[in-house]
$ cat query.txt   # compact mmCIF, C-alpha atoms and all ligand atoms
# COMPACT_ATOMS: atom_id res chain seq x y z
CA MET R 180 110.99 -46.34 -64.44
CA VAL R 181 111.25 -49.30 -66.74
CA ILE R 182 107.58 -50.10 -66.25
CA GLU R 183 106.70 -46.49 -66.89
CA LYS R 184 108.50 -46.70 -70.21
CA GLU R 185 106.74 -49.95 -71.09
CA MET R 186 103.39 -48.41 -70.27
CA GLU R 187 104.18 -45.43 -72.43
CA MET R 188 104.96 -47.80 -75.30
CA LEU R 189 101.75 -49.71 -74.69
CA LEU R 190 99.73 -46.50 -74.85
CA LYS R 191 101.50 -45.55 -78.07
CA LEU R 192 100.69 -48.96 -79.44
CA GLN R 193 97.07 -48.56 -78.44
CA ASN R 194 96.90 -45.19 -80.25
CA VAL R 195 98.40 -46.67 -83.38
CA ASP R 196 95.95 -49.57 -83.21
CA TYR R 197 93.11 -47.14 -82.79
CA ASP R 198 94.25 -45.25 -85.91
CA LEU R 199 94.58 -48.52 -87.80
CA GLY R 200 91.05 -49.46 -86.76
CA GLU R 201 89.75 -46.10 -87.95
CA LEU R 202 91.52 -46.53 -91.28
CA GLU R 203 89.97 -49.97 -91.70
CA ARG R 204 86.55 -48.58 -90.86
CA SER R 205 87.03 -45.72 -93.31
CA LYS R 206 87.30 -48.30 -96.09
CA ASP R 207 83.59 -48.85 -95.50
CA TYR R 208 82.29 -45.46 -94.53
CA LEU R 209 84.16 -43.31 -97.08
CA PRO R 210 82.59 -45.04 -100.11
CA GLU R 211 79.25 -44.70 -98.36
CA MET R 212 79.77 -40.95 -97.85
CA ILE R 213 80.92 -40.56 -101.46
CA ASN R 214 77.89 -42.46 -102.64
CA ASN R 215 75.52 -40.34 -100.55
CA LEU R 216 76.94 -37.07 -101.87
CA GLU R 217 76.73 -38.27 -105.46
CA ARG R 218 73.22 -39.56 -104.94
CA GLU R 219 72.05 -36.30 -103.39
CA VAL R 220 72.98 -34.34 -106.54
CA GLU R 221 71.57 -37.04 -108.81
CA GLU R 222 68.27 -37.22 -106.94
CA THR R 223 67.84 -33.45 -106.90
CA LYS R 224 68.52 -33.30 -110.64
CA ASN R 225 65.97 -36.04 -111.25
CA ALA R 226 63.38 -34.33 -109.07
CA LEU R 227 63.94 -31.05 -110.91
CA GLU R 228 63.59 -32.72 -114.30
CA ALA R 229 60.45 -34.55 -113.25
CA SER R 230 58.85 -31.33 -111.96
CA GLU R 231 59.76 -29.42 -115.12
CA LYS R 232 58.34 -32.21 -117.26
CA GLU R 233 55.12 -32.26 -115.25
CA PHE R 234 54.89 -28.49 -115.49
CA SER R 235 55.04 -28.53 -119.28
CA GLU R 236 52.53 -31.38 -119.43
CA GLN R 237 50.14 -29.41 -117.26
CA ASN R 238 50.72 -26.39 -119.45
CA LEU R 239 49.81 -28.34 -122.58
CA LEU R 240 46.71 -29.68 -120.89
CA GLN R 241 45.71 -26.19 -119.86
CA ASN R 242 46.10 -24.93 -123.44
CA LYS R 243 43.99 -27.78 -124.72
CA LEU R 244 41.24 -27.02 -122.20
CA ASP R 245 41.42 -23.31 -123.01
CA MET R 246 40.76 -24.10 -126.67
CA GLU R 247 37.88 -26.37 -125.78
CA LEU R 248 36.49 -23.62 -123.59
CA THR R 249 36.66 -21.12 -126.44
CA THR R 250 34.78 -23.50 -128.73
CA LEU R 251 32.14 -24.19 -126.10
CA ASN R 252 31.62 -20.50 -125.45
CA GLN R 253 31.25 -19.87 -129.17
CA GLU R 254 28.70 -22.64 -129.42
CA LEU R 255 26.87 -21.33 -126.39
CA ALA R 256 26.68 -17.85 -127.88
CA LYS R 257 25.39 -19.31 -131.12
CA PHE R 258 22.66 -21.31 -129.35
CA GLN R 259 21.67 -18.34 -127.24
CA LYS R 260 21.31 -16.29 -130.40
CA GLN R 261 19.13 -19.03 -131.96
CA MET R 262 16.98 -18.94 -128.83
CA LEU R 263 15.76 -15.52 -129.92
CA ALA R 264 14.41 -16.91 -133.19
CA ILE R 265 12.76 -20.21 -132.18
CA LYS R 266 9.35 -21.06 -133.46
CA THR R 267 8.34 -24.39 -131.90
CA ASN R 268 8.39 -26.05 -128.51
CA LYS R 269 10.47 -28.86 -129.95
CA GLU R 270 13.08 -26.37 -131.11
CA TYR R 271 12.99 -24.74 -127.71
CA ASP R 272 13.53 -28.04 -125.91
CA ALA R 273 16.38 -29.04 -128.17
CA LEU R 274 18.15 -25.68 -127.76
CA THR R 275 17.65 -25.58 -124.01
CA ASN R 276 19.21 -28.99 -123.86
CA GLU R 277 22.21 -27.93 -125.94
CA ILE R 278 22.71 -24.81 -123.84
CA ALA R 279 22.52 -26.77 -120.59
CA ASN R 280 25.05 -29.28 -121.87
CA ARG R 281 27.50 -26.57 -122.89
CA LYS R 282 27.12 -24.74 -119.58
CA LYS R 283 27.73 -27.93 -117.63
CA ARG R 284 30.86 -28.74 -119.63
CA ILE R 285 32.10 -25.14 -119.36
CA SER R 286 31.85 -25.18 -115.59
CA GLU R 287 33.61 -28.58 -115.45
CA ILE R 288 36.44 -27.29 -117.60
CA GLU R 289 36.78 -24.09 -115.61
CA GLU R 290 37.08 -26.12 -112.46
CA GLU R 291 39.67 -28.35 -114.10
CA ILE R 292 41.69 -25.37 -115.29
CA LEU R 293 41.66 -23.89 -111.80
CA LYS R 294 43.05 -27.12 -110.41
CA ILE R 295 45.75 -27.19 -113.07
CA LEU R 296 46.75 -23.59 -112.35
CA THR R 297 47.04 -24.30 -108.62
CA HIS R 298 49.10 -27.39 -109.36
CA MET R 299 51.32 -25.39 -111.72
CA ASP R 300 51.91 -22.80 -108.99
CA ASP R 301 53.03 -25.58 -106.65
CA LEU R 302 55.30 -26.99 -109.33
CA LYS R 303 56.81 -23.55 -109.94
CA GLU R 304 57.69 -23.33 -106.24
CA LYS R 305 59.17 -26.82 -106.27
CA ILE R 306 61.23 -26.11 -109.38
CA LYS R 307 62.57 -22.96 -107.74
CA GLU R 308 63.51 -24.90 -104.59
CA TYR R 309 65.20 -27.74 -106.49
CA LYS R 310 67.16 -25.24 -108.57
CA GLN R 311 68.35 -23.41 -105.46
CA LYS R 312 69.25 -26.67 -103.74
CA LEU R 313 71.11 -27.91 -106.80
CA GLU R 314 73.04 -24.66 -107.09
CA GLY R 315 74.11 -25.07 -103.46
CA ILE R 316 75.04 -28.74 -103.44
CA GLU R 317 76.62 -29.08 -106.86
CA LYS R 318 79.58 -26.99 -105.75
CA THR R 319 79.91 -28.08 -102.12
CA ASN R 320 79.36 -31.76 -102.87
CA ALA R 321 81.88 -31.64 -105.68
CA ASP R 322 84.44 -30.08 -103.34
CA GLN R 323 83.74 -32.65 -100.65
CA LEU R 324 83.91 -35.45 -103.19
CA VAL R 325 87.39 -34.39 -104.32
CA HIS R 326 88.50 -34.43 -100.69
CA LEU R 327 86.83 -37.75 -99.84
CA ARG R 328 88.10 -39.50 -102.96
CA GLU R 329 91.61 -38.33 -102.13
CA GLU R 330 91.20 -39.62 -98.61
CA PHE R 331 89.88 -42.94 -99.85
CA GLY R 332 92.76 -43.22 -102.29
CA SER R 333 95.33 -42.72 -99.56
CA ILE R 334 93.98 -45.26 -97.03
CA GLN R 335 96.35 -48.05 -98.05
CA ASP R 336 99.41 -45.80 -97.82
CA LYS R 337 98.35 -44.55 -94.41
CA ILE R 338 97.83 -48.12 -93.21
CA LYS R 339 101.33 -49.04 -94.38
CA ILE R 340 102.82 -46.12 -92.47
CA LYS R 341 100.88 -46.99 -89.32
CA GLU R 342 101.93 -50.62 -89.62
CA GLY R 343 105.55 -49.46 -89.79
CA ASP R 344 104.98 -47.37 -86.66
CA ARG R 345 103.43 -50.37 -84.98
CA LYS R 346 106.43 -52.53 -85.73
CA ASN R 347 108.81 -49.92 -84.31
CA ILE R 348 106.78 -49.80 -81.11
CA THR R 349 106.23 -53.53 -80.63
CA VAL R 350 109.95 -54.36 -80.84
CA ARG R 351 110.44 -52.14 -77.80
CA ILE R 352 107.82 -53.90 -75.67
CA ASP R 353 108.47 -56.97 -73.54
CA ARG R 354 107.25 -60.04 -75.43
CA LYS R 355 105.15 -61.36 -72.59
CA LEU R 356 103.48 -57.99 -72.07
CA LEU R 357 102.92 -57.67 -75.80
CA ALA R 358 101.33 -61.12 -75.83
CA THR R 359 98.98 -60.00 -73.05
CA TYR R 360 98.13 -56.86 -75.00
CA GLU R 361 97.42 -58.80 -78.19
CA ARG R 362 95.30 -61.34 -76.34
CA VAL R 363 93.14 -58.68 -74.66
CA LYS R 364 92.87 -56.73 -77.92
CA LYS R 365 91.61 -59.82 -79.70
CA GLY R 366 88.97 -60.43 -77.05
CA ARG R 367 88.03 -56.90 -76.05
CA GLY R 368 88.70 -54.71 -79.07
CA ASP R 369 90.45 -51.36 -79.06
CA GLN R 370 90.43 -50.61 -75.34
CA VAL R 371 93.28 -52.63 -73.83
CA VAL R 372 95.15 -50.22 -71.56
CA VAL R 373 92.66 -48.69 -69.17
CA THR R 374 92.90 -45.95 -66.59
CA ILE R 375 92.08 -46.88 -63.01
CA ARG R 376 89.04 -44.96 -61.79
CA LYS R 377 87.74 -44.84 -58.23
CA ARG R 378 90.12 -47.66 -57.29
CA ALA R 379 88.55 -49.94 -59.90
CA CYS R 380 89.09 -51.08 -63.47
CA GLY R 381 87.96 -48.20 -65.69
CA ALA R 382 86.35 -50.61 -68.14
CA CYS R 383 84.56 -53.29 -66.10
CA TYR R 384 84.56 -51.54 -62.68
CA LYS R 385 86.04 -54.49 -60.80
CA SER R 386 87.70 -53.04 -57.68
CA ILE R 387 91.43 -53.35 -57.18
CA PRO R 388 93.03 -54.40 -53.86
CA PRO R 389 94.56 -51.34 -52.07
CA GLN R 390 98.11 -52.74 -51.92
CA MET R 391 97.99 -53.37 -55.65
CA ILE R 392 97.03 -49.75 -56.22
CA GLN R 393 100.06 -48.67 -54.21
CA GLU R 394 102.35 -50.83 -56.33
CA ILE R 395 100.76 -49.72 -59.59
CA ARG R 396 101.14 -46.06 -58.57
CA LYS R 397 104.76 -46.55 -57.71
CA GLY R 398 105.31 -48.22 -61.06
CA GLU R 399 106.44 -51.44 -59.46
CA ILE R 400 104.09 -53.84 -61.22
CA ILE R 401 102.08 -54.20 -64.39
CA TYR R 402 98.63 -55.19 -63.26
CA THR R 403 95.93 -56.75 -65.34
CA CYS R 404 92.30 -56.67 -64.22
CA ASP R 405 91.44 -60.13 -62.86
CA ASN R 406 87.92 -59.77 -64.23
CA CYS R 407 88.35 -58.49 -67.81
CA GLY R 408 92.09 -58.95 -68.28
CA ARG R 409 92.76 -55.36 -69.39
CA ILE R 410 96.06 -53.70 -68.48
CA LEU R 411 95.47 -51.05 -65.83
CA ILE R 412 97.39 -47.80 -65.44
CA TRP R 413 97.39 -45.02 -62.91
CA THR R 414 97.02 -41.52 -64.39
CA ASP R 415 96.14 -38.12 -62.97
CA LYS R 416 92.52 -38.96 -63.82
CA SER R 417 92.61 -41.99 -61.51
CA GLY R 418 92.06 -40.74 -57.94
ZN ZN W 501 88.38 -54.99 -65.81

$ encode --input "query.txt" --output "structure tokens" --more "lines below"
Ligand SMILES: [Zn+2]
Amino acid sequence: MVIEKEMEMLLKLQNVDYDLGELERSKDYLPEMINNLEREVEETKNALEASEKEFSEQNLLQNKLDMELTTLNQELAKFQKQMLAIKTNKEYDALTNEIANRKKRISEIEEEILKILTHMDDLKEKIKEYKQKLEGIEKTNADQLVHLREEFGSIQDKIKIKEGDRKNITVRIDRKLLATYERVKKGRGDQVVVTIRKRACGACYKSIPPQMIQEIRKGEIIYTCDNCGRILIWTDKSG
């Protein structure tokens, strides 16, 4: 009975230590989560701005090319009209040359404009997507951030409470047993008290002599694994 009580205390201690470990770890991962959520909004905003800027630049370029196209078409019409009134071969050659030049440039510009329009369509899609994404994450991320910042702010208080719990538990555990626990914890981490499984240590699988199992089950001894040093307990999962 006494051993049973001690084991219960050890398990409680292990739970508290697990919680303390989690709290320590959260000092690292909470700021990281906060940072990621903030960055997600920031990056989406930047991407939206960049796409909108590119869209208006493309728009300006398109307008410029449209104007050039108008001028070229006017010139072309003028040259074609002059074609009807030419008198010499030299004039003919010069005009043909001008017309060919204009036509070449017109087709280049038309191609360019087509590319710009396609690109602008893509940008429109992107802008729509970024806006939708931003609408979604601005609210949810802000809500999560409030929660996470609160959690981060309360870590130290929670650690203090858990440390108080730990003290209350450790004073009720035999000093030698506690020393064993602390030693194993230092070497092996969180898992100190381990359930026996298939008549072996549940952590390192070293088998346990049958008579020891009997005594552990009866609660007559506290047994530590002679391979890994962990404290072994019999539970209904043992079998
Ligand atoms: Zn072991």

$ atom_distance --input "query.txt" --atom1 "CA of Arg328 in chain R" --atom2 "CA of Glu222 in chain R"
20.4 Å

$ residues_around --input "query.txt" --residues "range 383-388 of chain R" --least-positions-apart "2" --cutoff "12 Å" --atoms "all atoms listed in the file" --output "number ranges by chain"
R: 367, 370-371, 373-381, 390-395, 402-413

$ residues_around --input "query.txt" --residues "Ser286 in chain R" --least-positions-apart "5" --cutoff "12 Å" --atoms "only C-alpha atoms" --output "ChimeraX atom specification"
/R:244,247-248,251-252,279-281,291-293

$ closest_residue --input "query.txt" --among "R:Ile295, R:Ala358, R:Val363, R:Ile182" --to "ligand ZN 501 (chain W)" --atoms "only C-alpha atoms and all ligand atoms"
R:Val363

$ closest_residue --input "query.txt" --among "R:Met188, R:Ile334, R:Ile401, R:Leu240" --to "His298 in chain R" --atoms "only C-alpha atoms"
R:Leu240

$ closest_residue --input "query.txt" --among "R:Asp322, R:Glu183, R:Glu254, R:Asp198" --to "Leu216 in chain R" --atoms "only C-alpha atoms"
R:Asp322

$ residues_near_point --input "query.txt" --point "(104.8, -48.3, -86.8)" --cutoff "12 Å" --atoms "all atoms listed in the file" --output "number ranges by chain"
R: 188, 191-196, 198-199, 337-351

$ atom_distance --input "query.txt" --atom1 "CA of Pro389 in chain R" --atom2 "CA of Arg354 in chain R"
28.0 Å

$ closest_residue --input "query.txt" --among "R:Ile265, R:Leu327, R:Leu274, R:Ile306" --to "Met212 in chain R" --atoms "all atoms listed in the file"
R:Leu327

$ residues_near_point --input "query.txt" --point "(87.5, -34.7, -103.5)" --cutoff "12 Å" --atoms "all atoms listed in the file" --output "JSON, numbers by chain"
{"R": [209, 210, 212, 213, 216, 217, 318, 319, 320, 321, 322, 323, 324, 325, 326, 327, 328, 329, 330, 331, 332, 333]}

$ closest_residue --input "query.txt" --among "R:Asn214, R:Ala382, R:Asn276, R:Gly398" --to "ligand ZN 501 (chain W)" --atoms "all atoms listed in the file"
R:Ala382

$ build_atoms --input "query.txt" --residues "range 277-290 of chain R" --atoms "N, CA, C and O atoms" --output "short mmCIF file (atom, residue, chain, number, x, y, z; two decimals), in the frame of the given file"
data_model
loop_
_atom_site.label_atom_id
_atom_site.label_comp_id
_atom_site.auth_asym_id
_atom_site.auth_seq_id
_atom_site.Cartn_x
_atom_site.Cartn_y
_atom_site.Cartn_z
N GLU R 277 20.85 -28.24 -125.46
CA GLU R 277 22.21 -27.93 -125.94
C GLU R 277 22.89 -26.91 -125.03
O GLU R 277 24.06 -27.06 -124.66
N ILE R 278 22.15 -25.88 -124.69
CA ILE R 278 22.71 -24.81 -123.84
C ILE R 278 23.12 -25.36 -122.47
O ILE R 278 24.21 -25.09 -121.98
N ALA R 279 22.22 -26.19 -121.91
CA ALA R 279 22.52 -26.77 -120.59
C ALA R 279 23.77 -27.64 -120.65
O ALA R 279 24.63 -27.57 -119.76
N ASN R 280 23.86 -28.43 -121.70
CA ASN R 280 25.05 -29.28 -121.87
C ASN R 280 26.34 -28.47 -121.93
O ASN R 280 27.34 -28.80 -121.29
N ARG R 281 26.30 -27.40 -122.74
CA ARG R 281 27.50 -26.57 -122.89
C ARG R 281 27.87 -25.93 -121.55
O ARG R 281 29.02 -25.90 -121.15
N LYS R 282 26.85 -25.41 -120.86
CA LYS R 282 27.12 -24.74 -119.58
C LYS R 282 27.75 -25.69 -118.56
O LYS R 282 28.67 -25.33 -117.83
N LYS R 283 27.22 -26.93 -118.57
CA LYS R 283 27.73 -27.93 -117.63
C LYS R 283 29.22 -28.21 -117.93
O LYS R 283 30.06 -28.20 -117.05
N ARG R 284 29.49 -28.43 -119.22
CA ARG R 284 30.86 -28.74 -119.63
C ARG R 284 31.79 -27.55 -119.36
O ARG R 284 32.92 -27.72 -118.91
N ILE R 285 31.29 -26.35 -119.60
CA ILE R 285 32.10 -25.14 -119.36
C ILE R 285 32.48 -25.05 -117.88
O ILE R 285 33.64 -24.81 -117.54
N SER R 286 31.52 -25.31 -117.01
CA SER R 286 31.85 -25.18 -115.59
C SER R 286 32.80 -26.29 -115.15
O SER R 286 33.69 -26.08 -114.33
N GLU R 287 32.66 -27.49 -115.74
CA GLU R 287 33.61 -28.58 -115.45
C GLU R 287 35.03 -28.19 -115.86
O GLU R 287 35.98 -28.38 -115.12
N ILE R 288 35.11 -27.65 -117.08
CA ILE R 288 36.44 -27.29 -117.60
C ILE R 288 37.06 -26.15 -116.79
O ILE R 288 38.25 -26.18 -116.48
N GLU R 289 36.25 -25.20 -116.41
CA GLU R 289 36.78 -24.09 -115.61
C GLU R 289 37.34 -24.58 -114.28
O GLU R 289 38.39 -24.13 -113.83
N GLU R 290 36.62 -25.53 -113.72
CA GLU R 290 37.08 -26.12 -112.46
C GLU R 290 38.41 -26.85 -112.67
O GLU R 290 39.35 -26.73 -111.87
#
